[in-house]
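Below is one structure, written out as structure tokens; the observations come after it.
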Amino acid sequence: MSDPISPDERVFREHLKGAVFTRGVEEGRWRLVRIAWPHVWIAVRAALRNGAPEEFVLRFELSNYPTTVPTATPWDEATDAMLAAAARPKGHRVGNAFRTDWEGGVALYIPCDRVAISSHGAWAAQHPAWLWDASKDITLYLRLVHEMLNDEDYTGV
């Protein structure tokens, strides 16, 4: 007999069946890598850049989803560890989001991340469209990351 799925994991799995998430998968914007609740690995497609990977994996921590804001760490699937600074996306906007000189690089520096928003109260007024609330799903986070990784500002690694 398998362990029962927690309510937060059940909600997340339902969100994976939603139109926005499935459309993103179909269009090649992102893909689910694996689930080991409360951790979820999702790869986000990046624009082609010389010497850079085609996608970046984020390891989400989703305890109490969707009530609690998600947080994600850039992840190296080969080593099963946090992505090294040298392997992270570069560019002004995306480089700032994937920075390692803030909180040790354990979270993305974006308004829909739990770690970032907890210390940036002004972001609520500055970035209202990207703020998390319990009515949102993981695609809010994924859409922002995908947008940055596919902007002309993104220069590779």
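Residues are named by chain letter and number: chains run A, B, ... in the order of the structure tokens, numbers start at 1 in each chain, and ligands are numbered from 1 in the order shown.
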Stretch 4-13 of chain A: which residues within 9 Å, counting only C-alpha atoms, same-chain residues fewer than 5 positions away excluded, as a CSV table (one decimal) with C-alpha atoms, in the first residue's frame?
chain,number,residue,atom,x,y,z
A,37,TRP,CA,7.0,15.8,-2.4
A,38,PRO,CA,7.4,18.6,-1.2
A,62,LEU,CA,6.2,23.4,-2.3
A,63,SER,CA,5.2,22.7,1.3
A,64,ASN,CA,1.6,23.9,1.9
A,65,TYR,CA,1.0,24.6,-1.8
A,66,PRO,CA,-0.7,26.8,-3.0
A,67,THR,CA,-1.2,28.7,0.3
A,137,ASP,CA,-0.6,28.0,-9.6
A,138,ILE,CA,3.0,27.1,-10.4
Can you tell me, as a PyMOL selection string, which residues in chain A count as alpha helix (DSSP H) by DSSP? chain A and resi 7-16+19-26+92-97+114-118+123-126+139-149
Every residue of chain A that DSSP places in strand (DSSP E or B), as a ChimeraX atom specification: /A:30-36,39-45,55-61,71-76,81-82,90,156
Hey, can you spit out that residue selection with N, CA and C atoms as an mmCIF file, in the first residue's frame?
data_model
loop_
_atom_site.group_PDB
_atom_site.id
_atom_site.type_symbol
_atom_site.label_atom_id
_atom_site.label_comp_id
_atom_site.auth_asym_id
_atom_site.auth_seq_id
_atom_site.Cartn_x
_atom_site.Cartn_y
_atom_site.Cartn_z
ATOM 1 N N TRP A 30 8.224 24.291 -20.805
ATOM 2 C CA TRP A 30 8.692 23.635 -19.582
ATOM 3 C C TRP A 30 8.241 22.187 -19.599
ATOM 4 N N ARG A 31 8.847 21.418 -18.671
ATOM 5 C CA ARG A 31 8.456 20.010 -18.523
ATOM 6 C C ARG A 31 8.690 19.600 -17.074
ATOM 7 N N LEU A 32 7.832 18.736 -16.601
ATOM 8 C CA LEU A 32 7.992 18.160 -15.269
ATOM 9 C C LEU A 32 9.109 17.141 -15.339
ATOM 10 N N VAL A 33 10.059 17.240 -14.417
ATOM 11 C CA VAL A 33 11.170 16.293 -14.367
ATOM 12 C C VAL A 33 10.854 15.186 -13.366
ATOM 13 N N ARG A 34 10.495 15.579 -12.137
ATOM 14 C CA ARG A 34 10.142 14.570 -11.131
ATOM 15 C C ARG A 34 9.495 15.241 -9.927
ATOM 16 N N ILE A 35 8.836 14.394 -9.141
ATOM 17 C CA ILE A 35 8.196 14.836 -7.899
ATOM 18 C C ILE A 35 8.669 13.925 -6.784
ATOM 19 N N ALA A 36 9.154 14.519 -5.700
ATOM 20 C CA ALA A 36 9.459 13.831 -4.448
ATOM 21 C C ALA A 36 8.967 14.783 -3.365
ATOM 22 N N HIS A 39 9.239 18.419 -2.779
ATOM 23 C CA HIS A 39 10.119 18.944 -3.825
ATOM 24 C C HIS A 39 9.622 18.511 -5.199
ATOM 25 N N VAL A 40 9.730 19.445 -6.138
ATOM 26 C CA VAL A 40 9.326 19.205 -7.516
ATOM 27 C C VAL A 40 10.388 19.826 -8.416
ATOM 28 N N TRP A 41 10.846 19.066 -9.399
ATOM 29 C CA TRP A 41 11.838 19.554 -10.356
ATOM 30 C C TRP A 41 11.140 19.811 -11.680
ATOM 31 N N ILE A 42 11.303 21.029 -12.195
ATOM 32 C CA ILE A 42 10.709 21.403 -13.478
ATOM 33 C C ILE A 42 11.796 22.059 -14.313
ATOM 34 N N ALA A 43 11.930 21.606 -15.553
ATOM 35 C CA ALA A 43 12.892 22.190 -16.486
ATOM 36 C C ALA A 43 12.188 23.259 -17.311
ATOM 37 N N VAL A 44 12.854 24.409 -17.462
ATOM 38 C CA VAL A 44 12.312 25.526 -18.238
ATOM 39 C C VAL A 44 13.213 25.745 -19.443
ATOM 40 N N ARG A 45 12.611 25.767 -20.621
ATOM 41 C CA ARG A 45 13.343 25.944 -21.885
ATOM 42 C C ARG A 45 13.928 27.347 -21.965
ATOM 43 N N GLU A 55 17.799 24.114 -21.550
ATOM 44 C CA GLU A 55 16.846 24.297 -20.459
ATOM 45 C C GLU A 55 17.582 24.389 -19.137
ATOM 46 N N PHE A 56 16.891 24.930 -18.156
ATOM 47 C CA PHE A 56 17.406 25.011 -16.797
ATOM 48 C C PHE A 56 16.382 24.363 -15.879
ATOM 49 N N VAL A 57 16.884 23.577 -14.942
ATOM 50 C CA VAL A 57 16.013 22.877 -14.001
ATOM 51 C C VAL A 57 15.902 23.691 -12.718
ATOM 52 N N LEU A 58 14.681 23.802 -12.234
ATOM 53 C CA LEU A 58 14.417 24.435 -10.938
ATOM 54 C C LEU A 58 13.915 23.359 -9.988
ATOM 55 N N ARG A 59 14.469 23.355 -8.786
ATOM 56 C CA ARG A 59 14.000 22.437 -7.736
ATOM 57 C C ARG A 59 13.122 23.271 -6.807
ATOM 58 N N PHE A 60 11.824 23.052 -6.905
ATOM 59 C CA PHE A 60 10.856 23.791 -6.097
ATOM 60 C C PHE A 60 10.664 23.127 -4.744
ATOM 61 N N GLU A 61 10.434 23.943 -3.739
ATOM 62 C CA GLU A 61 9.991 23.487 -2.422
ATOM 63 C C GLU A 61 8.563 23.997 -2.303
ATOM 64 N N THR A 71 9.187 28.417 -3.536
ATOM 65 C CA THR A 71 10.559 28.873 -3.705
ATOM 66 C C THR A 71 11.261 27.838 -4.568
ATOM 67 N N ALA A 72 12.238 28.295 -5.348
ATOM 68 C CA ALA A 72 12.939 27.377 -6.246
ATOM 69 C C ALA A 72 14.428 27.667 -6.247
ATOM 70 N N THR A 73 15.184 26.601 -6.371
ATOM 71 C CA THR A 73 16.639 26.662 -6.458
ATOM 72 C C THR A 73 17.059 26.179 -7.843
ATOM 73 N N PRO A 74 17.900 26.917 -8.538
ATOM 74 C CA PRO A 74 18.443 26.407 -9.795
ATOM 75 C C PRO A 74 19.198 25.106 -9.504
ATOM 76 N N TRP A 75 18.950 24.069 -10.300
ATOM 77 C CA TRP A 75 19.407 22.727 -9.946
ATOM 78 C C TRP A 75 20.221 22.080 -11.059
ATOM 79 N N ASP A 76 21.213 21.320 -10.643
ATOM 80 C CA ASP A 76 22.040 20.539 -11.559
ATOM 81 C C ASP A 76 21.603 19.091 -11.430
ATOM 82 N N ALA A 81 22.430 18.636 -7.135
ATOM 83 C CA ALA A 81 22.812 19.699 -6.207
ATOM 84 C C ALA A 81 22.490 21.058 -6.828
ATOM 85 N N MET A 82 22.583 22.084 -6.023
ATOM 86 C CA MET A 82 22.347 23.438 -6.498
ATOM 87 C C MET A 82 23.269 23.751 -7.678
ATOM 88 N N LYS A 90 23.085 34.051 -17.677
ATOM 89 C CA LYS A 90 23.677 35.390 -17.575
ATOM 90 C C LYS A 90 22.855 36.378 -18.394
ATOM 91 N N GLY A 156 23.288 33.586 -22.205
ATOM 92 C CA GLY A 156 23.852 32.233 -22.084
ATOM 93 C C GLY A 156 24.386 32.027 -20.684
#
Taking into account only C-alpha atoms, which residue in the set A:Thr22, A:Asn50, A:Thr68, A:Thr155 is nearest to A:Leu131?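 Result for the nearest residue to A:Leu131: A:Thr68.
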Restricting to only C-alpha atoms, whichever of A:Ala84, A:Val69, A:Val94, A:Ala107 is closest to A:His146 is A:Val94
For A:Gly24, the closest of A:Arg143, A:Lys136, A:Arg88, A:Arg114 counting only C-alpha atoms is A:Arg143
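Relative to atom CA of A:Lys17, atom CA of A:Asp80 is found at 26.5 Å.
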For a quick check of understanding, using only C-alpha atoms, which of A:Tyr154, A:Tyr141, A:Trp123, A:Phe21 has the smallest distance to A:Asn96? A:Tyr154
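When atom CA of A:Ala47 is paired with atom CA of A:Asn150, their separation reads 4.8 Å.
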Gap from atom CA of A:Glu27 to atom CA of A:His92 - Å, one decimal: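 Result for atom CA of A:Glu27 versus atom CA of A:His92: 26.0 Å, one decimal.
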